[in-house]
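**Student:** Supplied in structure tokens, the structure appears directly below.
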Amino acid sequence: MSYESNPILDKLPKHLKQFIKPQNYEEYTAIDQAVWRYVMRKNVDYLSKVAHKSYVDGLKKTGISIDHIPNMYGMNRILKEIGWAAVAVDGFIPPSAFMEFQAYNVLVIASDIRQLENIEYTPAPDIIHEGAGHAPIIANPEYAEYLRRFGEIGCKAISSAKDYELYNAVRHLSIIKEAHGTPESDIEEAEKRIEQLQENMGEPSEMALIRNLHWWTVEYGLIGTVDNPKIYGAGLLSSIGESTWCMTDKVKKIPYSIEAAHTEFDITKPQPQLFVTPDFAFLSQVLEDFANTMAVRTGGLSGIKKLIGSKALGTIELSTGLQISGEFSNVIENDGKPIYIQTKGGTALAYREKELVGHSTAHHADGFGSPIGKLKGINIAIENMGPRDLKAYKIYEGEQIALEFEGGIKVEGTIITGTRNLMGEIILITFENCTVTHGDTVLFQPEWGLYHMAVGQNIVSAYNGPADLNSFNLMSHQITESTIKSKKDEKRLELERFYEQIRHFREGKNTTVSRNKVFKALKNDHPKDWLLPVELYELAKQDNNQEFQQEILEHLENIKRDNPKVGHLIDDGLQLVDTSLVS
């Protein structure tokens, strides 16, 4: 196993464990550690004033260090006290899997860390975003329950076939943007691809809508009042650029409501507006309001049509509790109601999330079809018939019968047996020598074998994924593209060694390092690097070495002149040093 488990992770189903990868802590370089330290020091300094109070408290509770990238094992030891765990993954994983992890109280952490060049913001998920953004806030019990419940509802949301295409395009962009030396033309092409997909998505799916809710709360949420909001969204907490930008008047603040589900976002740009929830409990209220619009709660014809459009594994539940899981391919409707449903390929039947014996994908390898609804001219539905009613209508073992449903589906054959649920209601009737027709269309014929007719007046629920996780082989995850680990030249390796020497000096591991020598080599061979000079300035300030401080400041001024984009980062770093030493 590539990770250290614990009681929470032990409960994860196999299909989620396939996404977990080892953190490989030793692969973090001293530059990575310096990036973490800079962002965390700046964040804690600034966010202690503008973030929800749970943030600073949560940093302590979840064991997130300011000076060191968190080790997943250490985080898990502390997170388990609040009933959560964390796992490492490779960048973006499919949204339904991400949300299902949340439903199990597991925080998904992309273990890579942004490059120094993208220190303010990265479109790729990274350990700063996940570890320093998400983890601290879940120490708040009300918010943690919102996150868990969001995962539970979100993983049932039905996607469209185009959603997965968009997911792959976004993942591709995030990977090449974080990869060192990607040509600008490649990035532009990837961004255009996302734009094209977004413009041609059609009617947004449930997954698209709930992803919007996730973005405007979990990632980019504000809390409090419109006039005096505080930050709690992980995207803002982990972005030193956006956490400042979002507090200005340039970003419109809107009271949070279900309308956020219909507000799209662009991960490549700062957000033009943000939503403000009055408190964490209100997030759960809006989530439940949204869930009431989802097929998991409404079922019906629209639910089955959503599943057909998804072209993916889904489940419908009938009013008897019978659950049919497979890829839905067709529905026959009459008067706005489904009267016959059809799957293609392996299909499984279940009751209360447990597969019915004899009704696995092996038994229904070529799909499953069944009428839905009431019999024509009979007021009582089959599911509501007691033993006497069933006998009176000849729905009985050994009887040759012709059943005609409202809407015109006909089932003709000899009844072999019936399957009942825990309430004693009949949920499945098995026929031999059976023919099923709708007008002139033959839906099932005797030579195909036994016919299993589902019993149910209505579709009460339709949702993504199988009823019984063990019914299908869900171990099909194949990452089409992994995070790119660029090859390092000798110059880069030398810079990493300099960072490591200064880190060891600061931590007392090697105090014989000549900081002046390192600084001279930096000036000559790495004149654009600004973060290590800031760290050297901090050490010079601690020693009260004014001559060395001045030398470093002059060098940093040259860097600012040659590269104005990093000017504010340098200024902020120097200010942090000055204020921390004063305090």
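Note on naming: chains are A, B, ... as they come in the structure tokens, residues start from 1 per chain, ligands start from 1 in the order shown.
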Can you pull out the residues contacting Ile395 of chain A? Cut-off 9 Å, using only C-alpha atoms, and skip same-chain residues under 6 positions away; I want them as a list in words.
**Tutor:**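 Result of the neighbour search: Ile382, Asp389, Ile401, Leu403, Ile415 and Ile429 of chain A.
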**Student:** Write out as a list in words the residues lying within 10 Å of segment 264-268 of chain A, counting only C-alpha atoms and excluding same-chain residues fewer than 6 positions away.
**Tutor:**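 In the requested format, the answer is Tyr121, Thr122, Pro123, Ala124, Val170, Leu173, Ser174, Glu191, Ile194, Glu195, Gln198, Ala208, Leu209, Arg211, Asn212, Leu213, Trp215 and Trp216 of chain A.
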**Student:** So, counting only C-alpha atoms, which residue among A:Pro94, A:Ile332, A:Thr512, A:Leu532 is closest to Arg497 of chain A?
**Tutor:** A:Leu532
**Student:** If you run DSSP on this backbone, which residues of segment 253-339 of chain A come out as strand (DSSP E), and could you give them as a ChimeraX atom specification?
**Tutor:** /A:253-255,273-277,314-318,322-334,337-339
**Student:** With N, CA, C and O atoms kept, could you save the residues just selected as an mmCIF file, in the first residue's frame?
**Tutor:**
data_model
loop_
_atom_site.group_PDB
_atom_site.id
_atom_site.type_symbol
_atom_site.label_atom_id
_atom_site.label_comp_id
_atom_site.auth_asym_id
_atom_site.auth_seq_id
_atom_site.Cartn_x
_atom_site.Cartn_y
_atom_site.Cartn_z
ATOM 1 N N LYS A 253 -19.792 41.989 -3.911
ATOM 2 C CA LYS A 253 -20.195 41.042 -2.864
ATOM 3 C C LYS A 253 -21.716 40.858 -2.934
ATOM 4 O O LYS A 253 -22.463 41.834 -2.897
ATOM 5 N N ILE A 254 -22.151 39.596 -3.047
ATOM 6 C CA ILE A 254 -23.572 39.275 -3.223
ATOM 7 C C ILE A 254 -24.020 38.342 -2.098
ATOM 8 O O ILE A 254 -23.296 37.389 -1.767
ATOM 9 N N PRO A 255 -25.203 38.576 -1.510
ATOM 10 C CA PRO A 255 -25.697 37.638 -0.486
ATOM 11 C C PRO A 255 -25.847 36.238 -1.091
ATOM 12 O O PRO A 255 -26.373 36.083 -2.191
ATOM 13 N N GLN A 273 -17.040 38.562 -8.870
ATOM 14 C CA GLN A 273 -17.983 38.697 -7.759
ATOM 15 C C GLN A 273 -17.831 37.487 -6.833
ATOM 16 O O GLN A 273 -17.348 36.432 -7.226
ATOM 17 N N LEU A 274 -18.229 37.697 -5.586
ATOM 18 C CA LEU A 274 -18.187 36.613 -4.601
ATOM 19 C C LEU A 274 -19.480 36.628 -3.796
ATOM 20 O O LEU A 274 -20.146 37.659 -3.681
ATOM 21 N N PHE A 275 -19.822 35.457 -3.243
ATOM 22 C CA PHE A 275 -21.052 35.329 -2.463
ATOM 23 C C PHE A 275 -20.723 35.298 -0.968
ATOM 24 O O PHE A 275 -19.746 34.670 -0.556
ATOM 25 N N VAL A 276 -21.583 35.931 -0.189
ATOM 26 C CA VAL A 276 -21.371 36.037 1.260
ATOM 27 C C VAL A 276 -22.495 35.307 1.991
ATOM 28 O O VAL A 276 -23.665 35.671 1.870
ATOM 29 N N THR A 277 -22.141 34.279 2.753
ATOM 30 C CA THR A 277 -23.140 33.579 3.569
ATOM 31 C C THR A 277 -23.154 34.195 4.966
ATOM 32 O O THR A 277 -22.090 34.569 5.478
ATOM 33 N N GLY A 314 -25.403 4.773 -13.862
ATOM 34 C CA GLY A 314 -26.325 5.461 -12.962
ATOM 35 C C GLY A 314 -27.361 4.497 -12.420
ATOM 36 O O GLY A 314 -27.421 3.323 -12.824
ATOM 37 N N THR A 315 -28.177 4.997 -11.516
ATOM 38 C CA THR A 315 -29.182 4.152 -10.850
ATOM 39 C C THR A 315 -30.529 4.846 -10.811
ATOM 40 O O THR A 315 -30.590 6.066 -10.578
ATOM 41 N N ILE A 316 -31.599 4.054 -11.040
ATOM 42 C CA ILE A 316 -32.937 4.556 -10.719
ATOM 43 C C ILE A 316 -33.504 3.693 -9.597
ATOM 44 O O ILE A 316 -33.193 2.498 -9.499
ATOM 45 N N GLU A 317 -34.293 4.318 -8.750
ATOM 46 C CA GLU A 317 -34.989 3.579 -7.698
ATOM 47 C C GLU A 317 -36.483 3.717 -7.926
ATOM 48 O O GLU A 317 -36.985 4.824 -8.144
ATOM 49 N N LEU A 318 -37.178 2.579 -7.890
ATOM 50 C CA LEU A 318 -38.629 2.575 -8.091
ATOM 51 C C LEU A 318 -39.342 2.721 -6.752
ATOM 52 O O LEU A 318 -38.734 2.606 -5.677
ATOM 53 N N LEU A 322 -36.933 -1.112 -5.402
ATOM 54 C CA LEU A 322 -36.045 -1.821 -6.323
ATOM 55 C C LEU A 322 -35.139 -0.807 -7.022
ATOM 56 O O LEU A 322 -35.594 0.225 -7.499
ATOM 57 N N GLN A 323 -33.840 -1.123 -7.058
ATOM 58 C CA GLN A 323 -32.860 -0.233 -7.677
ATOM 59 C C GLN A 323 -32.254 -0.912 -8.909
ATOM 60 O O GLN A 323 -31.846 -2.072 -8.843
ATOM 61 N N ILE A 324 -32.232 -0.196 -10.008
ATOM 62 C CA ILE A 324 -31.688 -0.706 -11.268
ATOM 63 C C ILE A 324 -30.462 0.132 -11.610
ATOM 64 O O ILE A 324 -30.560 1.360 -11.759
ATOM 65 N N SER A 325 -29.294 -0.512 -11.714
ATOM 66 C CA SER A 325 -28.038 0.209 -11.980
ATOM 67 C C SER A 325 -27.429 -0.242 -13.296
ATOM 68 O O SER A 325 -27.278 -1.447 -13.535
ATOM 69 N N GLY A 326 -27.080 0.698 -14.132
ATOM 70 C CA GLY A 326 -26.452 0.396 -15.417
ATOM 71 C C GLY A 326 -26.352 1.667 -16.235
ATOM 72 O O GLY A 326 -26.569 2.775 -15.714
ATOM 73 N N GLU A 327 -26.017 1.521 -17.505
ATOM 74 C CA GLU A 327 -26.007 2.692 -18.394
ATOM 75 C C GLU A 327 -27.359 2.745 -19.105
ATOM 76 O O GLU A 327 -27.676 1.879 -19.921
ATOM 77 N N PHE A 328 -28.153 3.748 -18.782
ATOM 78 C CA PHE A 328 -29.500 3.855 -19.347
ATOM 79 C C PHE A 328 -29.413 4.387 -20.768
ATOM 80 O O PHE A 328 -28.718 5.364 -21.045
ATOM 81 N N SER A 329 -30.130 3.688 -21.671
ATOM 82 C CA SER A 329 -30.003 4.007 -23.093
ATOM 83 C C SER A 329 -31.300 4.512 -23.717
ATOM 84 O O SER A 329 -31.273 5.172 -24.747
ATOM 85 N N ASN A 330 -32.446 4.198 -23.090
ATOM 86 C CA ASN A 330 -33.707 4.591 -23.729
ATOM 87 C C ASN A 330 -34.828 4.655 -22.704
ATOM 88 O O ASN A 330 -34.806 3.964 -21.686
ATOM 89 N N VAL A 331 -35.813 5.499 -22.986
ATOM 90 C CA VAL A 331 -37.038 5.557 -22.182
ATOM 91 C C VAL A 331 -38.202 5.784 -23.141
ATOM 92 O O VAL A 331 -38.096 6.577 -24.080
ATOM 93 N N ILE A 332 -39.285 5.042 -22.927
ATOM 94 C CA ILE A 332 -40.525 5.294 -23.674
ATOM 95 C C ILE A 332 -41.434 6.067 -22.730
ATOM 96 O O ILE A 332 -41.577 5.699 -21.562
ATOM 97 N N GLU A 333 -42.001 7.155 -23.236
ATOM 98 C CA GLU A 333 -42.825 7.981 -22.361
ATOM 99 C C GLU A 333 -44.243 8.124 -22.903
ATOM 100 O O GLU A 333 -44.502 7.960 -24.091
ATOM 101 N N ASN A 334 -45.139 8.457 -21.985
ATOM 102 C CA ASN A 334 -46.538 8.682 -22.349
ATOM 103 C C ASN A 334 -47.123 9.672 -21.348
ATOM 104 O O ASN A 334 -47.000 9.481 -20.129
ATOM 105 N N LYS A 337 -44.838 10.844 -18.576
ATOM 106 C CA LYS A 337 -44.377 9.864 -17.596
ATOM 107 C C LYS A 337 -43.595 8.758 -18.307
ATOM 108 O O LYS A 337 -43.916 8.394 -19.435
ATOM 109 N N PRO A 338 -42.597 8.195 -17.624
ATOM 110 C CA PRO A 338 -41.875 7.071 -18.231
ATOM 111 C C PRO A 338 -42.741 5.809 -18.131
ATOM 112 O O PRO A 338 -43.303 5.528 -17.065
ATOM 113 N N ILE A 339 -42.850 5.063 -19.242
ATOM 114 C CA ILE A 339 -43.629 3.822 -19.183
ATOM 115 C C ILE A 339 -42.754 2.598 -19.448
ATOM 116 O O ILE A 339 -43.183 1.477 -19.207
#
**Student:** Considering only C-alpha atoms, return as a PyMOL selection string whatever protein or nucleic-acid residues lie within 12 Å of Gly202 of chain A, sequence-local ones (same chain, fewer than 2 positions apart) excluded.
**Tutor:** chain A and resi 160-163+196-200+204-205+208+309
**Student:** Got a sec: who's within 12 Å of Tyr537 of chain A, counting only C-alpha atoms, leaving out chain neighbours fewer than 3 positions off, as a CSV table (one decimal) with C-alpha atoms, in the first residue's frame?
**Tutor:**
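This went into result19.csv:
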chain,number,residue,atom,x,y,z
A,502,ILE,CA,20.3,28.7,4.0
A,506,ARG,CA,18.3,29.0,9.8
A,515,ARG,CA,25.8,33.4,3.7
A,516,ASN,CA,28.0,36.0,2.0
A,519,PHE,CA,24.7,35.7,-1.8
A,530,TRP,CA,14.3,37.0,-5.3
A,531,LEU,CA,13.0,34.7,-2.6
A,532,LEU,CA,16.4,33.5,-1.3
A,533,PRO,CA,17.7,37.0,-1.0
A,534,VAL,CA,14.7,37.9,1.1
A,540,ALA,CA,21.1,39.5,8.3
A,541,LYS,CA,18.4,41.5,10.2
A,542,GLN,CA,18.4,38.9,13.0
A,543,ASP,CA,22.2,39.3,13.3
A,544,ASN,CA,21.8,43.1,13.0
A,545,ASN,CA,24.4,43.0,10.2
A,546,GLN,CA,23.4,46.4,8.6
A,547,GLU,CA,26.1,46.3,5.9
A,548,PHE,CA,24.9,42.9,4.6
A,549,GLN,CA,21.3,44.1,4.8
A,550,GLN,CA,22.0,47.1,2.7
A,551,GLU,CA,23.8,45.0,0.1
A,552,ILE,CA,20.9,42.6,-0.2
A,553,LEU,CA,18.4,45.5,-0.4
A,554,GLU,CA,20.3,47.1,-3.3
A,555,HIS,CA,20.3,43.7,-5.1
A,556,LEU,CA,16.5,43.3,-4.6
A,570,ILE,CA,9.7,41.4,-2.6
A,571,ASP,CA,8.2,44.3,-0.7
A,573,GLY,CA,8.5,39.6,2.0
A,574,LEU,CA,10.7,42.4,3.4
A,575,GLN,CA,7.8,43.9,5.3
A,576,LEU,CA,7.1,40.5,6.9
A,577,VAL,CA,10.7,40.3,8.1
A,578,ASP,CA,10.6,43.8,9.5
A,581,LEU,CA,11.3,41.0,14.1
**Student:** Would you compute the distance between atom CA of Ile138 of chain A and atom CA of Tyr55 of chain A? Give it in Å to one decimal.
**Tutor:**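 Interatomic distance here is 8.9 Å.
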**Student:** Mind the document's chain letters and residue numbers, and return as a ChimeraX atom specification the residues of segment 78-250 of chain A that DSSP labels helix (DSSP H, G or I).
**Tutor:** /A:78-82,95-103,116-118,127-137,141-154,161-178,184-199,206-219,234-237,242-245
